[in-house]
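S.K.: Following this message is one structure expressed as structure tokens.
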Amino acid sequence: MEPEDWHLVRSTPLFGRIPKDVTARLVGSSGPRCYEKGALLFQQGDPADAFYVILEGWVKIARLTSEGGEAVVGMFRRGETFAEAAMFLGGRYPANAEVVAPSRLLKIDGENLRKSIRENPDLALCMLASASHHLKFLVEQIEQIKLLSAPQRIADFLIQQCRTRRGSCVVVLPYEKALIANRLGMKPESFSRAIGRLRNLGVSVDHEYVSIADVATLVAFVEKSSVES
């Protein structure tokens with residue numbers, strides 16, 4: 001583990017509230033592992049024996065639908081943890097986890113976590129903080145789908161990828177457009193039409209590269225929904 005990796009782990013809602021020595025024991029001697037795009041970390045129904053910290057990359061959490069498709073319930077990126085709550089909800093993963101971009105992940109043994117909680121009950125409060133963080137994200141995601149139009153949802157997604165809120169910006173889409181569409185609650189064809197409607201706002205697309213003439217214009221476009229609501 002590099003110092004930057006430790007800093008990232010300590011910045012998560014789960015590990016940021018516990019002593020460094022407890023974090024060190026939970027991480028143990030296991031180091032980060034690299035995964036290629038498409039790697040399946042676990043499947044829906046598998047025993048929940050570990051959770052993960054993302055040091056680089058993106059991971060998709062999705063449930064299988066009765067029609068044989070999938071519903072994306074979460075996209076996790078650098079500096080986030082996932083699957084920690086599964087070990088306390090029946091002991092099985094409720095969804096699939098798939099790497100959608102080349103990633104470096106830190107895998108934390110579930111038994112070590114349960115043992116640490118028995119030894120240090122305050123750790124359960126950190127678990128609650130982490131679960132609350134994930135719940136807040138899901139609520140915001142549902143709210144976004146209900147309140148924002150398809151073009152506004154895409155604009156908001158692009159803004160999140162920008163490092164500035166003013167001036168021009170070039171965004172590299174972090175994963176496939178079809179997956180972004182699923183994540184934003186729309187079909188791929190609806191996604192294509194919606195992103196086409198952003199051209200009038202200075203947005204142009206060339207494969208995975210998206211050029212934004214003025215980020216502030218997109219921000220104003222997204223915020224327009226709260227004014228109209």
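Ordering of the structure tokens sets the chain letters (A, B, ...); residue numbers start at 1 within each chain; ligands are numbered from 1 in the order shown.
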List the spatial neighbours of Gln160 of chain A as a ChimeraX atom specification - criterion: any atom at most 12 Å away, only C-alpha atoms, same-chain residues fewer than 6 positions off excluded.

M.R.: /A:153-154,169,171-174,215,218-219,222

S.K.: For the alpha helix (DSSP H) assignment from backbone DSSP, which residues of segment 8-193 of chain A qualify? Please present them as a VMD selection string.

M.R.: chain A and resid 8 to 10 20 to 27 110 to 119 122 to 147 150 to 161 177 to 183 188 to 193

S.K.: What lies within 10 Å of segment 79-93 of chain A using only C-alpha atoms, ignoring chain neighbours under 3 positions off, as a JSON list (two decimals) with C-alpha atoms, in the first residue's frame?

M.R.:
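Result written to selection.json:
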[["chain", "number", "residue", "atom", "x", "y", "z"],
["A", 5, "ASP", "CA", -3.63, 4.60, -1.00],
["A", 7, "HIS", "CA", -4.87, 8.45, 2.56],
["A", 8, "LEU", "CA", -7.67, 7.43, 0.20],
["A", 9, "VAL", "CA", -8.79, 4.58, 2.47],
["A", 10, "ARG", "CA", -8.83, 6.93, 5.46],
["A", 11, "SER", "CA", -10.99, 9.43, 3.53],
["A", 12, "THR", "CA", -13.92, 7.00, 3.16],
["A", 13, "PRO", "CA", -16.99, 7.31, 5.46],
["A", 14, "LEU", "CA", -16.23, 3.89, 6.96],
["A", 15, "PHE", "CA", -12.52, 4.18, 7.72],
["A", 42, "PHE", "CA", -19.18, -11.52, -7.01],
["A", 43, "GLN", "CA", -22.63, -12.62, -8.12],
["A", 44, "GLN", "CA", -26.08, -12.13, -6.69],
["A", 45, "GLY", "CA", -26.61, -14.80, -4.01],
["A", 46, "ASP", "CA", -22.93, -15.53, -3.37],
["A", 47, "PRO", "CA", -21.84, -15.65, 0.29],
["A", 48, "ALA", "CA", -20.82, -12.14, 1.34],
["A", 49, "ASP", "CA", -17.30, -12.76, 2.59],
["A", 50, "ALA", "CA", -15.61, -9.44, 1.72],
["A", 51, "PHE", "CA", -16.09, -5.81, 0.80],
["A", 52, "TYR", "CA", -13.99, -3.48, -1.32],
["A", 53, "VAL", "CA", -12.33, -0.07, -1.44],
["A", 54, "ILE", "CA", -11.82, 1.41, -4.92],
["A", 55, "LEU", "CA", -8.37, 2.94, -5.33],
["A", 56, "GLU", "CA", -8.74, 3.43, -9.09],
["A", 57, "GLY", "CA", -11.49, 2.70, -11.60],
["A", 58, "TRP", "CA", -15.22, 2.00, -11.60],
["A", 59, "VAL", "CA", -17.42, -0.87, -10.39],
["A", 61, "ILE", "CA", -23.54, -3.03, -8.90],
["A", 74, "GLY", "CA", -25.02, 1.73, -8.13],
["A", 75, "MET", "CA", -21.83, 2.89, -9.80],
["A", 76, "PHE", "CA", -18.84, 3.20, -7.49],
["A", 96, "ASN", "CA", -23.67, -8.60, -8.99],
["A", 97, "ALA", "CA", -20.48, -6.56, -8.93],
["A", 105, "LEU", "CA", -9.27, -2.53, -5.63],
["A", 106, "LEU", "CA", -8.52, -3.30, -2.01],
["A", 107, "LYS", "CA", -10.42, -6.37, -0.77],
["A", 108, "ILE", "CA", -11.23, -6.44, 2.96],
["A", 109, "ASP", "CA", -12.00, -9.79, 4.60],
["A", 110, "GLY", "CA", -15.51, -9.88, 6.06],
["A", 111, "GLU", "CA", -14.62, -12.07, 9.03],
["A", 113, "LEU", "CA", -14.62, -6.85, 10.03],
["A", 114, "ARG", "CA", -17.10, -8.86, 12.12],
["A", 127, "MET", "CA", -20.78, 0.99, 9.48],
["A", 128, "LEU", "CA", -23.99, 2.96, 10.02],
["A", 130, "SER", "CA", -21.18, 4.27, 5.60],
["A", 131, "ALA", "CA", -24.65, 2.77, 5.05],
["A", 134, "HIS", "CA", -24.94, 4.97, 0.37]]

S.K.: Taking into account only C-alpha atoms, which residue in the set A:Ala213, A:Ala39, A:Leu123, A:Ala101 is nearest to Leu201 of chain A?

M.R.: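 Of the candidates, the smallest distance to Leu201 of chain A is held by A:Ala213.
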
S.K.: Pick out each residue of segment 8-96 of chain A that DSSP on the backbone tags as strand (DSSP E or B); I need them as a ChimeraX atom specification.

M.R.: /A:33-35,40-42,47,50-64,70-77,81-82,92,96

S.K.: Please write the residues from the selection above to a file, keeping N, CA, C and O atoms, as a compact mmCIF listing (two decimals), in the first residue's frame.

M.R.:
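Ended up saving to again28.txt:
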# COMPACT_ATOMS: atom_id res chain seq x y z
N ARG A 33 -5.24 -5.03 -5.68
CA ARG A 33 -5.16 -5.93 -6.84
C ARG A 33 -5.74 -5.22 -8.05
O ARG A 33 -6.73 -4.49 -7.94
N CYS A 34 -5.12 -5.44 -9.20
CA CYS A 34 -5.61 -4.84 -10.45
C CYS A 34 -6.60 -5.76 -11.14
O CYS A 34 -6.42 -6.98 -11.15
N TYR A 35 -7.67 -5.17 -11.68
CA TYR A 35 -8.71 -5.93 -12.38
C TYR A 35 -8.93 -5.30 -13.75
O TYR A 35 -8.93 -4.08 -13.90
N LEU A 40 -15.71 -10.09 -12.93
CA LEU A 40 -16.85 -10.24 -12.03
C LEU A 40 -16.33 -10.48 -10.63
O LEU A 40 -15.63 -11.47 -10.37
N LEU A 41 -16.63 -9.57 -9.72
CA LEU A 41 -16.13 -9.67 -8.35
C LEU A 41 -16.96 -10.63 -7.52
O LEU A 41 -16.43 -11.40 -6.72
N PHE A 42 -18.27 -10.57 -7.66
CA PHE A 42 -19.18 -11.52 -7.01
C PHE A 42 -20.52 -11.47 -7.71
O PHE A 42 -20.81 -10.53 -8.46
N PRO A 47 -22.11 -16.02 -1.10
CA PRO A 47 -21.84 -15.65 0.29
C PRO A 47 -21.05 -14.35 0.35
O PRO A 47 -20.08 -14.17 -0.38
N ALA A 50 -16.57 -10.55 1.82
CA ALA A 50 -15.61 -9.44 1.72
C ALA A 50 -16.30 -8.19 1.21
O ALA A 50 -17.38 -8.25 0.64
N PHE A 51 -15.66 -7.05 1.44
CA PHE A 51 -16.09 -5.81 0.80
C PHE A 51 -14.85 -5.13 0.22
O PHE A 51 -13.73 -5.60 0.39
N TYR A 52 -15.08 -4.04 -0.51
CA TYR A 52 -13.99 -3.48 -1.32
C TYR A 52 -13.87 -1.97 -1.15
O TYR A 52 -14.85 -1.27 -0.90
N VAL A 53 -12.64 -1.50 -1.34
CA VAL A 53 -12.33 -0.07 -1.44
C VAL A 53 -11.77 0.15 -2.85
O VAL A 53 -10.86 -0.58 -3.28
N ILE A 54 -12.30 1.13 -3.57
CA ILE A 54 -11.82 1.41 -4.92
C ILE A 54 -10.70 2.44 -4.87
O ILE A 54 -10.91 3.58 -4.44
N LEU A 55 -9.52 2.04 -5.29
CA LEU A 55 -8.37 2.94 -5.33
C LEU A 55 -8.25 3.60 -6.71
O LEU A 55 -7.78 4.72 -6.82
N GLU A 56 -8.68 2.89 -7.73
CA GLU A 56 -8.74 3.43 -9.09
C GLU A 56 -9.83 2.67 -9.84
O GLU A 56 -10.01 1.47 -9.63
N GLY A 57 -10.54 3.38 -10.73
CA GLY A 57 -11.49 2.70 -11.60
C GLY A 57 -12.94 2.85 -11.21
O GLY A 57 -13.31 3.70 -10.38
N TRP A 58 -13.77 1.98 -11.81
CA TRP A 58 -15.22 2.00 -11.60
C TRP A 58 -15.76 0.59 -11.46
O TRP A 58 -15.29 -0.34 -12.15
N VAL A 59 -16.77 0.42 -10.59
CA VAL A 59 -17.42 -0.87 -10.39
C VAL A 59 -18.93 -0.67 -10.47
O VAL A 59 -19.47 0.26 -9.87
N LYS A 60 -19.58 -1.58 -11.19
CA LYS A 60 -21.04 -1.55 -11.35
C LYS A 60 -21.68 -2.56 -10.42
O LYS A 60 -21.26 -3.72 -10.37
N ILE A 61 -22.72 -2.13 -9.70
CA ILE A 61 -23.54 -3.03 -8.90
C ILE A 61 -24.90 -3.12 -9.58
O ILE A 61 -25.56 -2.10 -9.79
N ALA A 62 -25.31 -4.33 -9.94
CA ALA A 62 -26.56 -4.50 -10.69
C ALA A 62 -27.30 -5.75 -10.25
O ALA A 62 -26.67 -6.77 -9.92
N ARG A 63 -28.62 -5.66 -10.25
CA ARG A 63 -29.47 -6.81 -9.94
C ARG A 63 -30.09 -7.34 -11.22
O ARG A 63 -30.40 -6.58 -12.14
N LEU A 64 -30.27 -8.66 -11.27
CA LEU A 64 -30.92 -9.28 -12.40
C LEU A 64 -32.43 -9.08 -12.31
O LEU A 64 -33.01 -9.18 -11.22
N GLU A 70 -30.82 -6.45 -16.59
CA GLU A 70 -30.22 -6.01 -15.35
C GLU A 70 -30.60 -4.58 -15.05
O GLU A 70 -30.84 -3.79 -15.96
N ALA A 71 -30.69 -4.29 -13.78
CA ALA A 71 -30.98 -2.93 -13.32
C ALA A 71 -29.77 -2.45 -12.52
O ALA A 71 -29.40 -3.07 -11.52
N VAL A 72 -29.14 -1.38 -12.99
CA VAL A 72 -27.97 -0.84 -12.30
C VAL A 72 -28.43 -0.09 -11.05
O VAL A 72 -29.20 0.86 -11.15
N VAL A 73 -27.98 -0.53 -9.90
CA VAL A 73 -28.39 0.11 -8.65
C VAL A 73 -27.28 0.97 -8.06
O VAL A 73 -27.51 1.71 -7.10
N GLY A 74 -26.09 0.90 -8.64
CA GLY A 74 -25.02 1.73 -8.13
C GLY A 74 -23.78 1.67 -9.01
O GLY A 74 -23.48 0.63 -9.59
N MET A 75 -23.11 2.82 -9.13
CA MET A 75 -21.83 2.89 -9.80
C MET A 75 -20.85 3.50 -8.80
O MET A 75 -21.07 4.60 -8.30
N PHE A 76 -19.78 2.77 -8.50
CA PHE A 76 -18.84 3.20 -7.49
C PHE A 76 -17.49 3.51 -8.12
O PHE A 76 -17.05 2.82 -9.04
N ARG A 77 -16.85 4.55 -7.60
CA ARG A 77 -15.59 5.00 -8.19
C ARG A 77 -14.52 5.21 -7.11
O ARG A 77 -14.72 4.88 -5.94
N THR A 81 -16.35 2.83 -1.01
CA THR A 81 -16.43 1.43 -0.60
C THR A 81 -17.76 0.86 -1.05
O THR A 81 -18.72 1.60 -1.27
N PHE A 82 -17.82 -0.45 -1.20
CA PHE A 82 -19.09 -1.08 -1.52
C PHE A 82 -19.12 -2.51 -0.99
O PHE A 82 -18.08 -3.12 -0.76
N ARG A 92 -25.44 -12.66 2.29
CA ARG A 92 -25.26 -12.93 0.86
C ARG A 92 -25.34 -11.63 0.08
O ARG A 92 -26.04 -10.71 0.47
N ASN A 96 -24.96 -8.30 -8.36
CA ASN A 96 -23.67 -8.60 -8.99
C ASN A 96 -22.76 -7.38 -8.92
O ASN A 96 -23.24 -6.24 -8.93

S.K.: Could you list, as a PyMOL selection string, every residue within 12 Å of Asn200 of chain A, counting only C-alpha atoms and ignoring same-chain residues fewer than 3 positions away?

M.R.: chain A and resi 151+194-197+203-204+212-214+217-218+221

S.K.: Generate the output file for the selected residues, N, CA, C and O atoms, as an mmCIF file, in the first residue's frame.

M.R.:
data_model
loop_
_atom_site.group_PDB
_atom_site.id
_atom_site.type_symbol
_atom_site.label_atom_id
_atom_site.label_comp_id
_atom_site.auth_asym_id
_atom_site.auth_seq_id
_atom_site.Cartn_x
_atom_site.Cartn_y
_atom_site.Cartn_z
ATOM 1 N N PRO A 151 -32.155 15.130 -20.814
ATOM 2 C CA PRO A 151 -30.978 15.961 -21.099
ATOM 3 C C PRO A 151 -30.354 16.550 -19.832
ATOM 4 O O PRO A 151 -29.128 16.659 -19.733
ATOM 5 N N ALA A 194 -31.201 12.448 -26.197
ATOM 6 C CA ALA A 194 -31.076 13.463 -25.146
ATOM 7 C C ALA A 194 -29.738 14.190 -25.217
ATOM 8 O O ALA A 194 -29.679 15.417 -25.068
ATOM 9 N N ILE A 195 -28.656 13.449 -25.451
ATOM 10 C CA ILE A 195 -27.351 14.109 -25.507
ATOM 11 C C ILE A 195 -27.252 14.969 -26.771
ATOM 12 O O ILE A 195 -26.562 15.996 -26.793
ATOM 13 N N GLY A 196 -28.004 14.574 -27.831
ATOM 14 C CA GLY A 196 -28.051 15.392 -29.041
ATOM 15 C C GLY A 196 -28.690 16.743 -28.777
ATOM 16 O O GLY A 196 -28.317 17.754 -29.392
ATOM 17 N N ARG A 197 -29.649 16.771 -27.831
ATOM 18 C CA ARG A 197 -30.321 18.031 -27.493
ATOM 19 C C ARG A 197 -29.418 18.977 -26.721
ATOM 20 O O ARG A 197 -29.755 20.155 -26.547
ATOM 21 N N VAL A 203 -22.372 21.338 -26.240
ATOM 22 C CA VAL A 203 -21.842 20.003 -25.947
ATOM 23 C C VAL A 203 -21.685 19.220 -27.243
ATOM 24 O O VAL A 203 -22.640 19.104 -28.027
ATOM 25 N N SER A 204 -20.497 18.702 -27.503
ATOM 26 C CA SER A 204 -20.255 17.876 -28.686
ATOM 27 C C SER A 204 -19.594 16.574 -28.256
ATOM 28 O O SER A 204 -18.801 16.545 -27.305
ATOM 29 N N ILE A 212 -17.226 20.368 -23.765
ATOM 30 C CA ILE A 212 -18.213 21.286 -23.199
ATOM 31 C C ILE A 212 -17.673 22.703 -23.358
ATOM 32 O O ILE A 212 -16.603 23.032 -22.842
ATOM 33 N N ALA A 213 -18.411 23.531 -24.077
ATOM 34 C CA ALA A 213 -17.937 24.891 -24.345
ATOM 35 C C ALA A 213 -17.889 25.731 -23.076
ATOM 36 O O ALA A 213 -16.949 26.501 -22.868
ATOM 37 N N ASP A 214 -18.901 25.592 -22.229
ATOM 38 C CA ASP A 214 -18.956 26.375 -20.989
ATOM 39 C C ASP A 214 -19.709 25.575 -19.927
ATOM 40 O O ASP A 214 -20.914 25.353 -20.043
ATOM 41 N N THR A 217 -22.810 27.044 -18.203
ATOM 42 C CA THR A 217 -24.068 26.979 -18.956
ATOM 43 C C THR A 217 -24.807 25.690 -18.645
ATOM 44 O O THR A 217 -26.034 25.687 -18.466
ATOM 45 N N LEU A 218 -24.071 24.574 -18.544
ATOM 46 C CA LEU A 218 -24.693 23.292 -18.192
ATOM 47 C C LEU A 218 -25.227 23.317 -16.771
ATOM 48 O O LEU A 218 -26.303 22.779 -16.484
ATOM 49 N N PHE A 221 -28.417 25.059 -16.693
ATOM 50 C CA PHE A 221 -29.439 24.228 -17.338
ATOM 51 C C PHE A 221 -29.992 23.201 -16.359
ATOM 52 O O PHE A 221 -31.211 22.967 -16.290
#
